[in-house]
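Chemist: Sharing a structure with you now.
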Amino acid sequence: MATPISLSLSSLASKSQQLVRNERRMLAASDDGAMMKQIQSTHAPDGRVVDVKPILQVIDNVLHHIIPNIDHAMNGGTGHIDALDDRTNSSAVDGALDALAYIVHKICCEVSCKCSGGGDAHATTMGILNMLSSYSWDAKVVLTLAAFAVNFGEFWLIVQLCTSNSLAKSVALLKQLPDILEHSPTLKPHFDALNKLINAMIDVTKCIVEFTELPSEFISIDVPPLSTAMAHIPTATYWIIWSVVACAAQVTGLVGMRHEFITSTSEAWELSSLAHKVSSIHEHLQSLLRLCYQRIDEKKLLEAFEDFKRTIETPQMDNLKILLKIFRKEETYYLSNPDKTKVLIDVLRRKHVLLLISDLDISHEEIRVLEALYKGERVSSELNYEILWLPIVDRSTWNDGYEQKFLSLQSIMSWYTVNHPFAIEPAVIKYIMEVWGFVKKPIAVTLDPQGKVLCPNALNMMWIWGNSVFPFSSEKEESFWKAEAWTLELLVDRLEPNLPTWVNQQKVVCFYGGVQMEWIESFTTVTKGVAKALDIGLEMVYVGKNNAKERVKKITGLIKEKKLSHAWEDDNVWFFWNRLESMLYSKTQHGKAIENDFIKQEVMTLLAYDGSENGWAVFFTGSDEMVRANGEKVLSSMKSFDEWEKLAKQMGFIPALRKHLEGIIDEHHCTRLILPGNSGGIPEKVQCAECGRPMEMYFMYRCCVE
């Protein structure tokens, strides 16, 4: 015959099972408008502030001590494990709970009473919400979770200690608690579902608390996404409290546990369904939280951007304040110096500084040419400037390969560099891209000793005139252009060491390009024949093609092997074409229109010639007498030399060739000018090099793997 106490405990377990089953019919009901109004009607905060963080830390500590021990027991383990180090700040918790112990106790009693009596989960949840009406939403969930942590913690302490502690054993006997180890195979689904739900509850609670801690100066509670999140928090609070009731009912159901409860799986299914619901809430809140942090980061970035903009546009005593603002505040202001040792950024104070800005695809040719200016001529000319490399990278795709690439580039640079690309302040990167116009092609921003920006990109003028244009200001660049003319020296600079001798000897000098070996052989052979027929000195130099390094290298080898002409090495070919592009960008940067700028016209013509697959040639006599043509025209002219030979003997080679070329009617032609779309400063209007008509603009995507 059953004793009264066993009947009572069996009845208690039955009622607890009924409370858990009531969840099924309520799973959808709390999300409709009427239920939302009911939840909102319980909320009447009185402005009290509850420091929930230390309380949540204790709750987290309690529940994350229990869960590993449950798993340990369910898997047949004996004794218990100490899952986490207890790093709770007791004094902070005492202060936070000092006035809250009573309300936590009331919630404990409410949950225990309703679960024991088999009450409705929704009614119990609403009762707790009414009890906590004067508290904020985050305080409601934390205090309810604290009450559950107390009940569940006490329950598990008894279960854990009953095999080794006589007091715990006696209490377990009075409560008719089951032997967890004995029933572990059948209890495992119940505790697995319980653990999942507890973890989901903790996650959502932390998320709710995190929303309340977002900095109000960077995000408004009245504007999405934060306003959207705050509208969802009452529903999330409801489900957390309901989950606490469901978990408490599950634990209470173990008291006086009968065989049919042990073997039943419906309760585990109910908790799993609830865990899925709460996890979905967490995912949604997390997505909103990410949007909030994105909005905060954007606001912080904008404020830092405006701060850097004000600083760099305000006259300074020296350049140090601006240089310091380039780096993230949490970074130590160290640079790698040319000897690859760390130095303070103060070494650049009151010096002319070139900020070399690039990605990790900066070419070795570019580094070598810049090094020649920095180390060679700089010293001999007693110029006082330093270079600081600022690599701009995509942090989201950063990996070990990029790390090694950065270190490799850093190792070959003979100037100052940042210790790591991530040290650069994101707001400065935004300024570099939006104001200084960096996209991909390297630029060098010049700062004078007081930090004033002298030029947003000095590389163009440096490639054209070298250190003679120091201190690399826009005004100095403008003055150099005013004194410049389209001459052989401007086109070739010091790339051809024999040029002064050839000019003094009054030789015709021909520079030609292209990558069709058949055309090159025909053109060089027939042109030499023309020079021989006119008995004039001729020197021919192959200058390759832009962005075709491997093909040019192969053709250069054949030209030298067959002794067709002179041919430049890789660095000279790269520098020749880079200087031409720099002339175009420099002219465009200074607002020079092609219609009234002869130098710009000639530069764009040569770049247009290079844009085709055919060859081209330009002839000079002396410094400034010149004629040029595309490969088809110049080759046909040389082959038809007999038509203008008499004129050449009368006028001279270049005037006669020019006159002959002018007489060629080219009804069908297709001229292309290919410029890097990532360099900035692209001219709005471009005229055809052949007919002078405006060229149409197209977008071209190119992948050239040599």
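Letters A, B, ... go to the chains of the structure tokens in the order shown; residues in each chain start at 1; ligands are counted from 1 in the same order.
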List as a Markdown table every residue of stretch 386-475 of chain A that is in contact with stretch 326-330 of chain A, defined as an atom at most 7 Å from one of its atoms (using only C-alpha atoms), together with the nearest atom pair and the distance in Å rounded to one decimal, sorted by chain and then rising number.

Modeler:
```
| residue | atom | partner | partner_atom | distance |
| --- | --- | --- | --- | --- |
| A:Ala423 | CA | A:Phe327 | CA | 5.6 |
| A:Ile424 | CA | A:Phe327 | CA | 4.5 |
| A:Glu425 | CA | A:Arg328 | CA | 4.5 |
| A:Val428 | CA | A:Ile326 | CA | 5.9 |
```

Chemist: As a list in words, please: the residues near stretch 498-508 of chain A (cut-off 10 Å, only C-alpha atoms, same-chain neighbours under 5 positions excluded).

Modeler: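 Here the answer would be Leu488, Glu489, Val492, Asp493, Ala531, Ile536, Gly537, Leu538, Glu539, Met540, Phe619, Phe620, Thr621, Gly622, Ser623, Glu625, Met626, Phe653 and Ile654 of chain A.
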
Chemist: Output all heavy atoms for every residue in that selection, as a CSV table (one decimal), in the first residue's frame.

Modeler:
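After the write, selection34.csv holds the following:
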```csv
chain,number,residue,atom,x,y,z
A,488,LEU,N,62.8,65.0,-76.7
A,488,LEU,CA,63.3,63.6,-76.6
A,488,LEU,C,63.7,63.4,-75.2
A,488,LEU,O,63.5,62.3,-74.6
A,488,LEU,CB,64.5,63.5,-77.6
A,488,LEU,CG,65.2,62.1,-77.6
A,488,LEU,CD1,64.2,61.0,-78.0
A,488,LEU,CD2,66.3,62.1,-78.6
A,489,GLU,N,64.3,64.4,-74.5
A,489,GLU,CA,64.7,64.2,-73.1
A,489,GLU,C,63.5,64.0,-72.2
A,489,GLU,O,63.6,63.1,-71.3
A,489,GLU,CB,65.5,65.5,-72.7
A,489,GLU,CG,66.9,65.6,-73.3
A,489,GLU,CD,66.8,66.1,-74.7
A,489,GLU,OE1,65.7,66.6,-75.1
A,489,GLU,OE2,67.8,66.0,-75.4
A,492,VAL,N,62.3,60.3,-72.8
A,492,VAL,CA,63.2,59.2,-72.5
A,492,VAL,C,63.9,59.3,-71.1
A,492,VAL,O,64.3,58.4,-70.5
A,492,VAL,CB,64.3,59.0,-73.6
A,492,VAL,CG1,65.2,57.8,-73.3
A,492,VAL,CG2,63.6,58.7,-74.9
A,493,ASP,N,64.0,60.6,-70.7
A,493,ASP,CA,64.7,60.9,-69.4
A,493,ASP,C,66.2,60.3,-69.5
A,493,ASP,O,66.8,60.5,-70.5
A,493,ASP,CB,63.9,60.3,-68.2
A,493,ASP,CG,64.5,60.8,-66.9
A,493,ASP,OD1,64.7,62.1,-66.8
A,493,ASP,OD2,64.6,60.0,-66.0
A,531,ALA,N,67.6,54.3,-94.0
A,531,ALA,CA,68.7,55.1,-93.5
A,531,ALA,C,70.0,54.9,-94.3
A,531,ALA,O,70.7,55.9,-94.6
A,531,ALA,CB,69.0,54.7,-92.0
A,536,ILE,N,72.2,58.4,-93.6
A,536,ILE,CA,72.1,59.1,-92.3
A,536,ILE,C,72.3,58.1,-91.2
A,536,ILE,O,72.1,56.9,-91.3
A,536,ILE,CB,70.7,59.7,-92.2
A,536,ILE,CG1,69.6,58.6,-92.3
A,536,ILE,CG2,70.4,60.8,-93.2
A,536,ILE,CD1,68.2,59.1,-92.0
A,537,GLY,N,72.8,58.6,-90.0
A,537,GLY,CA,73.0,57.8,-88.9
A,537,GLY,C,71.6,57.5,-88.2
A,537,GLY,O,70.7,58.3,-88.1
A,538,LEU,N,71.5,56.2,-87.9
A,538,LEU,CA,70.2,55.8,-87.3
A,538,LEU,C,70.5,54.9,-86.1
A,538,LEU,O,71.3,54.0,-86.1
A,538,LEU,CB,69.4,55.0,-88.3
A,538,LEU,CG,68.1,54.3,-87.8
A,538,LEU,CD1,67.0,55.3,-87.4
A,538,LEU,CD2,67.5,53.3,-88.8
A,539,GLU,N,69.8,55.1,-85.0
A,539,GLU,CA,69.8,54.3,-83.8
A,539,GLU,C,68.4,53.9,-83.5
A,539,GLU,O,67.5,54.8,-83.4
A,539,GLU,CB,70.5,54.9,-82.6
A,539,GLU,CG,71.9,55.3,-82.8
A,539,GLU,CD,72.9,54.1,-82.9
A,539,GLU,OE1,72.4,53.0,-82.6
A,539,GLU,OE2,74.0,54.3,-83.4
A,540,MET,N,68.1,52.6,-83.3
A,540,MET,CA,66.8,52.1,-82.9
A,540,MET,C,66.8,51.4,-81.6
A,540,MET,O,67.7,50.7,-81.2
A,540,MET,CB,66.3,51.2,-84.0
A,540,MET,CG,66.3,51.7,-85.4
A,540,MET,SD,65.6,50.6,-86.6
A,540,MET,CE,63.9,50.7,-86.3
A,619,PHE,N,60.2,58.9,-84.2
A,619,PHE,CA,61.5,59.2,-84.7
A,619,PHE,C,61.8,60.6,-84.2
A,619,PHE,O,61.0,61.5,-84.3
A,619,PHE,CB,61.6,59.2,-86.2
A,619,PHE,CG,61.4,57.8,-86.8
A,619,PHE,CD1,60.2,57.3,-87.1
A,619,PHE,CD2,62.6,57.1,-87.1
A,619,PHE,CE1,60.0,56.1,-87.7
A,619,PHE,CE2,62.4,55.8,-87.7
A,619,PHE,CZ,61.2,55.3,-88.0
A,620,PHE,N,63.1,60.8,-83.8
A,620,PHE,CA,63.6,62.1,-83.4
A,620,PHE,C,64.9,62.4,-84.1
A,620,PHE,O,65.7,61.6,-84.3
A,620,PHE,CB,63.9,62.2,-81.9
A,620,PHE,CG,62.7,62.4,-81.0
A,620,PHE,CD1,61.9,61.3,-80.5
A,620,PHE,CD2,62.3,63.7,-80.6
A,620,PHE,CE1,60.8,61.5,-79.6
A,620,PHE,CE2,61.2,63.9,-79.8
A,620,PHE,CZ,60.5,62.8,-79.3
A,621,THR,N,65.0,63.7,-84.5
A,621,THR,CA,66.3,64.3,-84.9
A,621,THR,C,66.6,65.4,-84.0
A,621,THR,O,65.8,66.4,-83.9
A,621,THR,CB,66.3,64.7,-86.4
A,621,THR,OG1,66.0,63.6,-87.2
A,621,THR,CG2,67.7,65.3,-86.7
A,622,GLY,N,67.7,65.4,-83.3
A,622,GLY,CA,68.0,66.4,-82.3
A,622,GLY,C,67.0,66.2,-81.1
A,622,GLY,O,66.6,65.1,-80.8
A,623,SER,N,66.7,67.3,-80.5
A,623,SER,CA,65.9,67.1,-79.2
A,623,SER,C,64.4,67.2,-79.5
A,623,SER,O,63.6,66.6,-78.8
A,623,SER,CB,66.3,68.2,-78.2
A,623,SER,OG,65.5,68.2,-77.1
A,625,GLU,N,62.7,67.7,-83.0
A,625,GLU,CA,62.1,67.4,-84.3
A,625,GLU,C,61.6,65.9,-84.3
A,625,GLU,O,62.4,65.0,-84.1
A,625,GLU,CB,63.1,67.6,-85.5
A,625,GLU,CG,62.4,67.6,-86.8
A,625,GLU,CD,63.4,67.9,-87.9
A,625,GLU,OE1,64.6,67.6,-87.8
A,625,GLU,OE2,63.0,68.4,-89.0
A,626,MET,N,60.3,65.8,-84.5
A,626,MET,CA,59.7,64.4,-84.2
A,626,MET,C,58.6,64.1,-85.2
A,626,MET,O,58.0,64.9,-85.8
A,626,MET,CB,59.2,64.5,-82.8
A,626,MET,CG,58.5,63.2,-82.4
A,626,MET,SD,57.1,63.4,-81.3
A,626,MET,CE,55.9,64.3,-82.3
A,653,PHE,N,64.9,63.6,-93.5
A,653,PHE,CA,64.2,62.3,-93.2
A,653,PHE,C,62.8,62.6,-92.5
A,653,PHE,O,61.8,62.1,-93.0
A,653,PHE,CB,65.0,61.4,-92.4
A,653,PHE,CG,64.3,60.1,-91.9
A,653,PHE,CD1,64.1,59.1,-92.8
A,653,PHE,CD2,63.9,60.0,-90.6
A,653,PHE,CE1,63.4,57.9,-92.4
A,653,PHE,CE2,63.2,58.9,-90.2
A,653,PHE,CZ,63.0,57.8,-91.1
A,654,ILE,N,62.9,63.3,-91.3
A,654,ILE,CA,61.7,63.4,-90.5
A,654,ILE,C,60.6,64.3,-91.2
A,654,ILE,O,59.4,63.9,-91.3
A,654,ILE,CB,62.0,63.9,-89.1
A,654,ILE,CG1,62.7,62.8,-88.3
A,654,ILE,CG2,60.8,64.4,-88.4
A,654,ILE,CD1,63.1,63.1,-86.9
```

Chemist: Of the candidates A:His364, A:His566, A:Lys560, A:Lys340, which shows the shortest atom-to-atom distance to A:Leu407, using only C-alpha atoms?

Modeler: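 Once distances to A:Leu407 are computed over only C-alpha atoms, the minimum belongs to A:Lys340.
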
Chemist: Skipping near chain neighbours, those fewer than 6 positions away, what residues fall within 9 Å of stretch 99-111 of chain A using only C-alpha atoms, listed as an NGL selection string?

Modeler: :A and (50 or 124-125 or 127-128 or 131-132 or 143-144 or 146-148 or 150-151 or 244-245 or 248-249)

Chemist: I want to know what sits within 8 Å of A:Gln516, based on only C-alpha atoms, with residues of the same chain fewer than 5 positions away left out; could you give that as a list in words?

Modeler: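 Contacts, in chain order: Glu613, Asn614 and Gly615 of chain A.
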
Chemist: Selected residues, C-alpha atoms, written as a JSON list (two decimals), in the first residue's frame, please.

Modeler:
```json
[["chain", "number", "residue", "atom", "x", "y", "z"],
["A", 613, "GLU", "CA", 48.42, 44.75, -80.50],
["A", 614, "ASN", "CA", 50.21, 46.38, -83.45],
["A", 615, "GLY", "CA", 53.57, 48.08, -83.23]]
```

Chemist: Between atom CA of A:Thr42 and atom CA of A:Ala121, what is the distance, to one decimal in Å?

Modeler: 16.4 Å

Chemist: Quick one: residues within 10 Å of stretch 278-292 of chain A, only C-alpha atoms, excluding same-chain residues fewer than 3 positions away - as an MDAnalysis selection string?

Modeler: chainID A and resid 196:208 210:211 214 218:220 224:230 232:233 235:236 239:240 243 272:275 295:298
